[in-house]
file work.pdb (PDB, C-alpha atoms)
ATOM      1  CA  MET A   1     -65.755 153.297 149.396
ATOM      2  CA  GLN A   2     -64.441 156.464 151.063
ATOM      3  CA  ALA A   3     -60.695 157.173 151.095
ATOM      4  CA  ILE A   4     -60.396 156.676 154.877
ATOM      5  CA  ASP A   5     -62.328 153.384 154.746
ATOM      6  CA  LYS A   6     -60.159 152.288 151.819
ATOM      7  CA  ARG A   7     -56.960 153.071 153.729
ATOM      8  CA  ARG A   8     -58.229 151.318 156.839
ATOM      9  CA  ALA A   9     -59.308 148.273 154.800
ATOM     10  CA  GLY A  10     -55.831 148.203 153.232
ATOM     11  CA  TRP A  11     -54.196 148.191 156.661
ATOM     12  CA  ILE A  12     -56.516 145.426 157.860
ATOM     13  CA  ILE A  13     -55.550 143.279 154.860
ATOM     14  CA  ILE A  14     -51.840 143.966 155.464
ATOM     15  CA  ALA A  15     -52.275 143.067 159.149
ATOM     16  CA  ALA A  16     -54.052 139.825 158.184
ATOM     17  CA  ALA A  17     -51.269 139.006 155.688
ATOM     18  CA  LEU A  18     -48.602 139.634 158.351
ATOM     19  CA  LEU A  19     -50.543 137.421 160.749
ATOM     20  CA  CYS A  20     -50.508 134.652 158.106
ATOM     21  CA  ALA A  21     -46.768 135.100 157.554
ATOM     22  CA  GLY A  22     -46.150 134.991 161.315
ATOM     23  CA  ALA A  23     -48.333 131.905 161.644
ATOM     24  CA  ILE A  24     -46.372 130.159 158.864
ATOM     25  CA  VAL A  25     -43.016 130.952 160.488
ATOM     26  CA  GLY A  26     -44.201 130.036 163.985
ATOM     27  CA  GLY A  27     -46.149 127.013 162.759
ATOM     28  CA  THR A  28     -43.163 125.683 160.799
ATOM     29  CA  ALA A  29     -40.939 126.015 163.872
ATOM     30  CA  LEU A  30     -43.484 124.169 166.017
ATOM     31  CA  VAL A  31     -44.319 121.289 163.657
ATOM     32  CA  THR A  32     -40.620 120.561 163.096
ATOM     33  CA  ASN A  33     -40.072 120.381 166.856
ATOM     34  CA  ASP A  34     -39.681 116.679 167.763
ATOM     35  CA  SER A  35     -40.809 117.168 171.353
ATOM     36  CA  LEU A  36     -44.323 118.058 170.174
ATOM     37  CA  GLY A  37     -46.841 115.219 169.831
ATOM     38  CA  SER A  38     -48.667 114.577 166.545
ATOM     39  CA  GLY A  39     -51.956 115.817 168.060
ATOM     40  CA  TRP A  40     -50.403 119.157 168.922
ATOM     41  CA  LYS A  41     -48.797 119.384 165.493
ATOM     42  CA  LEU A  42     -52.195 118.866 163.902
ATOM     43  CA  LEU A  43     -53.607 121.616 166.121
ATOM     44  CA  VAL A  44     -50.775 123.963 165.093
ATOM     45  CA  ALA A  45     -51.491 123.243 161.414
ATOM     46  CA  LEU A  46     -55.181 124.014 161.960
ATOM     47  CA  VAL A  47     -54.348 127.291 163.733
ATOM     48  CA  VAL A  48     -52.127 128.302 160.791
ATOM     49  CA  MET A  49     -54.990 127.495 158.406
ATOM     50  CA  SER A  50     -57.410 129.556 160.507
ATOM     51  CA  THR A  51     -55.219 132.643 159.975
ATOM     52  CA  PHE A  52     -55.583 132.092 156.229
ATOM     53  CA  ALA A  53     -59.351 131.853 156.671
ATOM     54  CA  LEU A  54     -59.204 135.240 158.429
ATOM     55  CA  PHE A  55     -57.132 136.672 155.562
ATOM     56  CA  ILE A  56     -59.596 135.390 152.944
ATOM     57  CA  TRP A  57     -62.518 136.799 154.931
ATOM     58  CA  THR A  58     -60.937 140.274 155.223
ATOM     59  CA  GLU A  59     -60.005 140.322 151.545
ATOM     60  CA  VAL A  60     -63.415 139.188 150.287
ATOM     61  CA  ARG A  61     -65.105 141.705 152.584
ATOM     62  CA  HIS A  62     -62.869 144.445 151.212
ATOM     63  CA  VAL A  63     -63.534 143.505 147.567
ATOM     64  CA  ARG A  64     -67.308 143.345 148.143
ATOM     65  CA  ARG A  65     -67.259 146.885 149.532
ATOM     66  CA  CYS A  66     -65.236 148.245 146.609
ATOM     67  CA  ASP A  67     -66.784 149.856 143.567
ATOM     68  CA  GLU A  68     -67.347 147.980 140.324
ATOM     69  CA  LEU A  69     -64.225 149.163 138.484
ATOM     70  CA  TYR A  70     -61.982 148.041 141.332
ATOM     71  CA  GLN A  71     -63.778 144.682 141.408
ATOM     72  CA  ARG A  72     -63.106 144.304 137.696
ATOM     73  CA  ILE A  73     -59.429 145.217 138.190
ATOM     74  CA  MET A  74     -59.165 142.592 140.944
ATOM     75  CA  LEU A  75     -60.848 139.977 138.764
ATOM     76  CA  GLU A  76     -58.593 140.720 135.801
ATOM     77  CA  SER A  77     -55.444 140.654 137.924
ATOM     78  CA  LEU A  78     -56.409 137.252 139.354
ATOM     79  CA  ALA A  79     -57.394 136.008 135.893
ATOM     80  CA  ILE A  80     -53.851 136.835 134.748
ATOM     81  CA  ALA A  81     -51.900 135.859 137.881
ATOM     82  CA  PHE A  82     -53.483 132.466 138.551
ATOM     83  CA  PRO A  83     -52.931 130.852 135.123
ATOM     84  CA  ALA A  84     -49.565 132.625 134.756
ATOM     85  CA  THR A  85     -48.418 131.046 138.027
ATOM     86  CA  PHE A  86     -49.690 127.650 136.878
ATOM     87  CA  ALA A  87     -47.866 128.077 133.551
ATOM     88  CA  ALA A  88     -44.643 129.089 135.312
ATOM     89  CA  PHE A  89     -44.868 126.088 137.664
ATOM     90  CA  THR A  90     -45.533 123.722 134.768
ATOM     91  CA  LEU A  91     -42.584 125.119 132.835
ATOM     92  CA  LEU A  92     -40.277 124.834 135.833
ATOM     93  CA  GLU A  93     -41.426 121.267 136.557
ATOM     94  CA  LEU A  94     -40.798 120.289 132.946
ATOM     95  CA  LEU A  95     -37.336 121.842 133.106
ATOM     96  CA  ARG A  96     -36.655 119.973 136.336
ATOM     97  CA  ASP A  97     -37.902 116.681 134.879
ATOM     98  CA  ALA A  98     -35.700 117.267 131.856
ATOM     99  CA  GLU A  99     -32.832 117.873 134.292
ATOM    100  CA  LEU A 100     -32.231 121.308 132.825
ATOM    101  CA  VAL A 101     -32.553 122.904 136.254
ATOM    102  CA  SER A 102     -31.028 121.311 139.298
ATOM    103  CA  PRO A 103     -31.092 121.717 143.096
ATOM    104  CA  PRO A 104     -30.999 123.913 145.173
ATOM    105  CA  PHE A 105     -33.836 125.122 142.962
ATOM    106  CA  VAL A 106     -37.071 123.651 144.353
ATOM    107  CA  VAL A 107     -40.363 124.146 142.505
ATOM    108  CA  GLU A 108     -42.473 123.564 145.642
ATOM    109  CA  LYS A 109     -40.943 126.639 147.289
ATOM    110  CA  MET A 110     -41.963 128.912 144.434
ATOM    111  CA  TRP A 111     -45.422 129.874 145.754
ATOM    112  CA  PRO A 112     -44.396 133.531 146.414
ATOM    113  CA  LEU A 113     -44.193 133.761 142.616
ATOM    114  CA  MET A 114     -47.993 133.946 142.596
ATOM    115  CA  VAL A 115     -47.905 136.995 144.855
ATOM    116  CA  LEU A 116     -45.349 138.649 142.577
ATOM    117  CA  LEU A 117     -47.358 137.841 139.445
ATOM    118  CA  TRP A 118     -50.531 139.107 141.111
ATOM    119  CA  VAL A 119     -48.840 142.416 141.970
ATOM    120  CA  LEU A 120     -47.636 142.771 138.368
ATOM    121  CA  ALA A 121     -51.047 141.806 136.974
ATOM    122  CA  TYR A 122     -52.781 144.216 139.359
ATOM    123  CA  GLY A 123     -50.515 147.052 138.177
ATOM    124  CA  PHE A 124     -51.239 146.136 134.565
ATOM    125  CA  ALA A 125     -55.011 145.992 135.123
ATOM    126  CA  ARG A 126     -54.977 149.370 136.888
ATOM    127  CA  TRP A 127     -52.911 150.909 134.107
ATOM    128  CA  ARG A 128     -55.372 149.572 131.546
ATOM    129  CA  TYR A 129     -58.222 151.650 132.958
ATOM    130  CA  GLN A 130     -56.265 154.873 133.540
TER     131      GLN A 130
ATOM    132  CA  MET B   1     -69.695 152.418 124.448
ATOM    133  CA  ARG B   2     -69.706 156.164 123.847
ATOM    134  CA  ASN B   3     -71.016 158.494 126.506
ATOM    135  CA  ARG B   4     -71.680 162.156 127.277
ATOM    136  CA  LEU B   5     -70.711 161.974 130.900
ATOM    137  CA  ARG B   6     -67.878 164.492 130.672
ATOM    138  CA  VAL B   7     -70.170 167.035 128.941
ATOM    139  CA  LEU B   8     -73.002 166.543 131.411
ATOM    140  CA  ARG B   9     -70.617 166.844 134.343
ATOM    141  CA  ALA B  10     -69.035 170.001 132.901
ATOM    142  CA  GLU B  11     -72.476 171.575 132.404
ATOM    143  CA  ARG B  12     -73.060 171.245 136.133
ATOM    144  CA  ARG B  13     -69.503 172.355 136.973
ATOM    145  CA  TRP B  14     -68.898 169.190 138.942
ATOM    146  CA  THR B  15     -65.497 167.689 139.431
ATOM    147  CA  GLN B  16     -64.960 163.988 138.898
ATOM    148  CA  GLN B  17     -64.736 163.678 142.675
ATOM    149  CA  ASP B  18     -68.137 165.389 143.085
ATOM    150  CA  LEU B  19     -69.753 163.037 140.615
ATOM    151  CA  ALA B  20     -68.048 160.019 142.163
ATOM    152  CA  ARG B  21     -69.415 161.016 145.570
ATOM    153  CA  GLU B  22     -72.941 161.425 144.186
ATOM    154  CA  LEU B  23     -72.807 157.990 142.568
ATOM    155  CA  GLY B  24     -70.978 156.209 145.374
ATOM    156  CA  VAL B  25     -68.059 155.094 143.221
ATOM    157  CA  SER B  26     -64.379 156.006 143.038
ATOM    158  CA  ARG B  27     -63.004 158.962 141.067
ATOM    159  CA  GLN B  28     -61.034 156.449 138.985
ATOM    160  CA  THR B  29     -64.303 154.857 137.906
ATOM    161  CA  ILE B  30     -65.637 158.210 136.679
ATOM    162  CA  HIS B  31     -62.361 158.883 134.877
ATOM    163  CA  ALA B  32     -62.415 155.441 133.212
ATOM    164  CA  ILE B  33     -66.055 155.875 132.104
ATOM    165  CA  GLU B  34     -65.393 159.364 130.710
ATOM    166  CA  ALA B  35     -62.311 158.123 128.887
ATOM    167  CA  GLU B  36     -64.534 155.337 127.472
ATOM    168  CA  LYS B  37     -62.157 152.716 128.785
ATOM    169  CA  TYR B  38     -64.778 151.194 131.022
ATOM    170  CA  ASP B  39     -68.488 150.623 130.458
ATOM    171  CA  PRO B  40     -70.485 150.933 133.676
ATOM    172  CA  SER B  41     -72.792 148.209 134.903
ATOM    173  CA  LEU B  42     -76.491 148.579 134.144
ATOM    174  CA  PRO B  43     -77.364 149.654 137.724
ATOM    175  CA  LEU B  44     -74.649 152.334 137.636
ATOM    176  CA  ALA B  45     -75.727 153.495 134.166
ATOM    177  CA  PHE B  46     -79.308 153.881 135.434
ATOM    178  CA  LYS B  47     -78.025 155.741 138.484
ATOM    179  CA  ILE B  48     -76.119 158.139 136.196
ATOM    180  CA  ALA B  49     -79.215 158.632 134.034
ATOM    181  CA  ALA B  50     -81.341 159.354 137.101
ATOM    182  CA  LEU B  51     -78.782 161.793 138.489
ATOM    183  CA  PHE B  52     -78.652 163.805 135.268
ATOM    184  CA  ASP B  53     -82.390 163.349 134.706
ATOM    185  CA  GLU B  54     -81.906 162.096 131.164
ATOM    186  CA  PRO B  55     -82.897 158.861 129.422
ATOM    187  CA  ILE B  56     -80.094 156.332 129.557
ATOM    188  CA  GLU B  57     -79.842 156.195 125.749
ATOM    189  CA  HIS B  58     -79.178 159.942 125.664
ATOM    190  CA  ILE B  59     -76.072 159.435 127.771
ATOM    191  CA  PHE B  60     -74.766 156.097 126.522
ATOM    192  CA  THR B  61     -74.723 155.100 122.875
ATOM    193  CA  PRO B  62     -73.310 151.927 121.369
ATOM    194  CA  ASN B  63     -70.031 152.177 119.532
ATOM    195  CA  PRO B  64     -70.812 150.519 116.173
ATOM    196  CA  GLY B  65     -68.657 147.540 115.309
ATOM    197  CA  GLN B  66     -66.707 147.546 118.538
ATOM    198  CA  ASP B  67     -67.116 145.112 121.409
ATOM    199  CA  GLU B  68     -66.176 145.883 124.975
ATOM    200  CA  GLY B  69     -62.614 145.188 126.004
TER     201      GLY B  69
END
call {"tool": "encode", "arguments": {"input": "work.pdb", "output": "structure tokens"}}
result
Amino acid sequence: MQAIDKRRAGWIIIAAALLCAGAIVGGTALVTNDSLGSGWKLLVALVVMSTFALFIWTEVRHVRRCDELYQRIMLESLAIAFPATFAAFTLLELLRDAELVSPPFVVEKMWPLMVLLWVLAYGFARWRYQ
Amino acid sequence: MRNRLRVLRAERRWTQQDLARELGVSRQTIHAIEAEKYDPSLPLAFKIAALFDEPIEHIFTPNPGQDEG
């Protein structure tokens, strides 16, 4: 992939991610609004999900167009980040069940951890092939 | 896997960027192959062999007793 295409693809992914974030914020505000009927709330939830579908599509398209080393780096970073997130969640749930961690800490709100771990794993995978 | 990519590229006075452009991959990929940190896929290895007009086994040789990774 050429440098300009790569930069443009990066911006498209960032735009899709921002759209997802906006949809989450807007969607959360709408579904917690009592004046909205359950049918509308379901529609809002589906619209939020559709933004994620767009994000997945842009990301997969980007990865398919990348060269083989980059694809390997992506695969390795996901192979590290996904189980590491699962391990971290399991550990935190065990600590919560054992009452070693207490509110306001909420395990269910920890999903951004996966993004952080993916960024770290991506940096590690890139460094490995430098 | 050992390879002679750096030597072959130097003989033609190509930069890594030149070679990357010819092969349709990133410069980082060329760097990683030359540094023997990454073994190319079979299609890319054949593409390299065709570009340098050499048999694939003259460019890439197995590293005895060492697996990839």
call {"tool": "atom_distance", "arguments": {"input": "work.pdb", "atom1": "atom CA of B:Ile30", "atom2": "atom CA of B:Gln16"}}
result
6.2 Å
call {"tool": "resolve_selection", "arguments": {"input": "work.pdb", "expression": "the ChimeraX specification (/A :<6) & /B", "output": "number ranges by chain"}}
result
B: 25, 29, 32, 37
call {"tool": "resolve_selection", "arguments": {"input": "work.pdb", "expression": "the PyMOL selection byres ((chain B and resi 34) around 12)", "output": "PyMOL selection string"}}
result
(chain A and resi 129-130) or (chain B and resi 1-10+16+19-20+27-33+35-40+59-60)
call {"tool": "resolve_selection", "arguments": {"input": "work.pdb", "expression": "the PyMOL selection byres ((chain A and resi 88) around 12)", "output": "PyMOL selection string"}}
result
chain A and resi 81-87+89-95+107-108+110-114+117
call {"tool": "atom_distance", "arguments": {"input": "work.pdb", "atom1": "atom CA of A:Ala16", "atom2": "atom CA of A:Phe55"}}
result
5.1 Å
call {"tool": "closest_residue", "arguments": {"input": "work.pdb", "among": "A:Gly27, A:Leu78, A:Arg65, A:Lys41", "to": "B:Ser26", "atoms": "all atoms listed in the file"}}
result
A:Arg65
call {"tool": "closest_residue", "arguments": {"input": "work.pdb", "among": "A:Thr58, A:Thr51, A:Gln71, A:Ser38", "to": "A:Arg8", "atoms": "all atoms listed in the file"}}
result
A:Thr58
call {"tool": "closest_residue", "arguments": {"input": "work.pdb", "among": "A:Ile56, A:Val25, A:Ser50, A:His62", "to": "A:Gly10", "atoms": "all atoms listed in the file"}}
result
A:His62
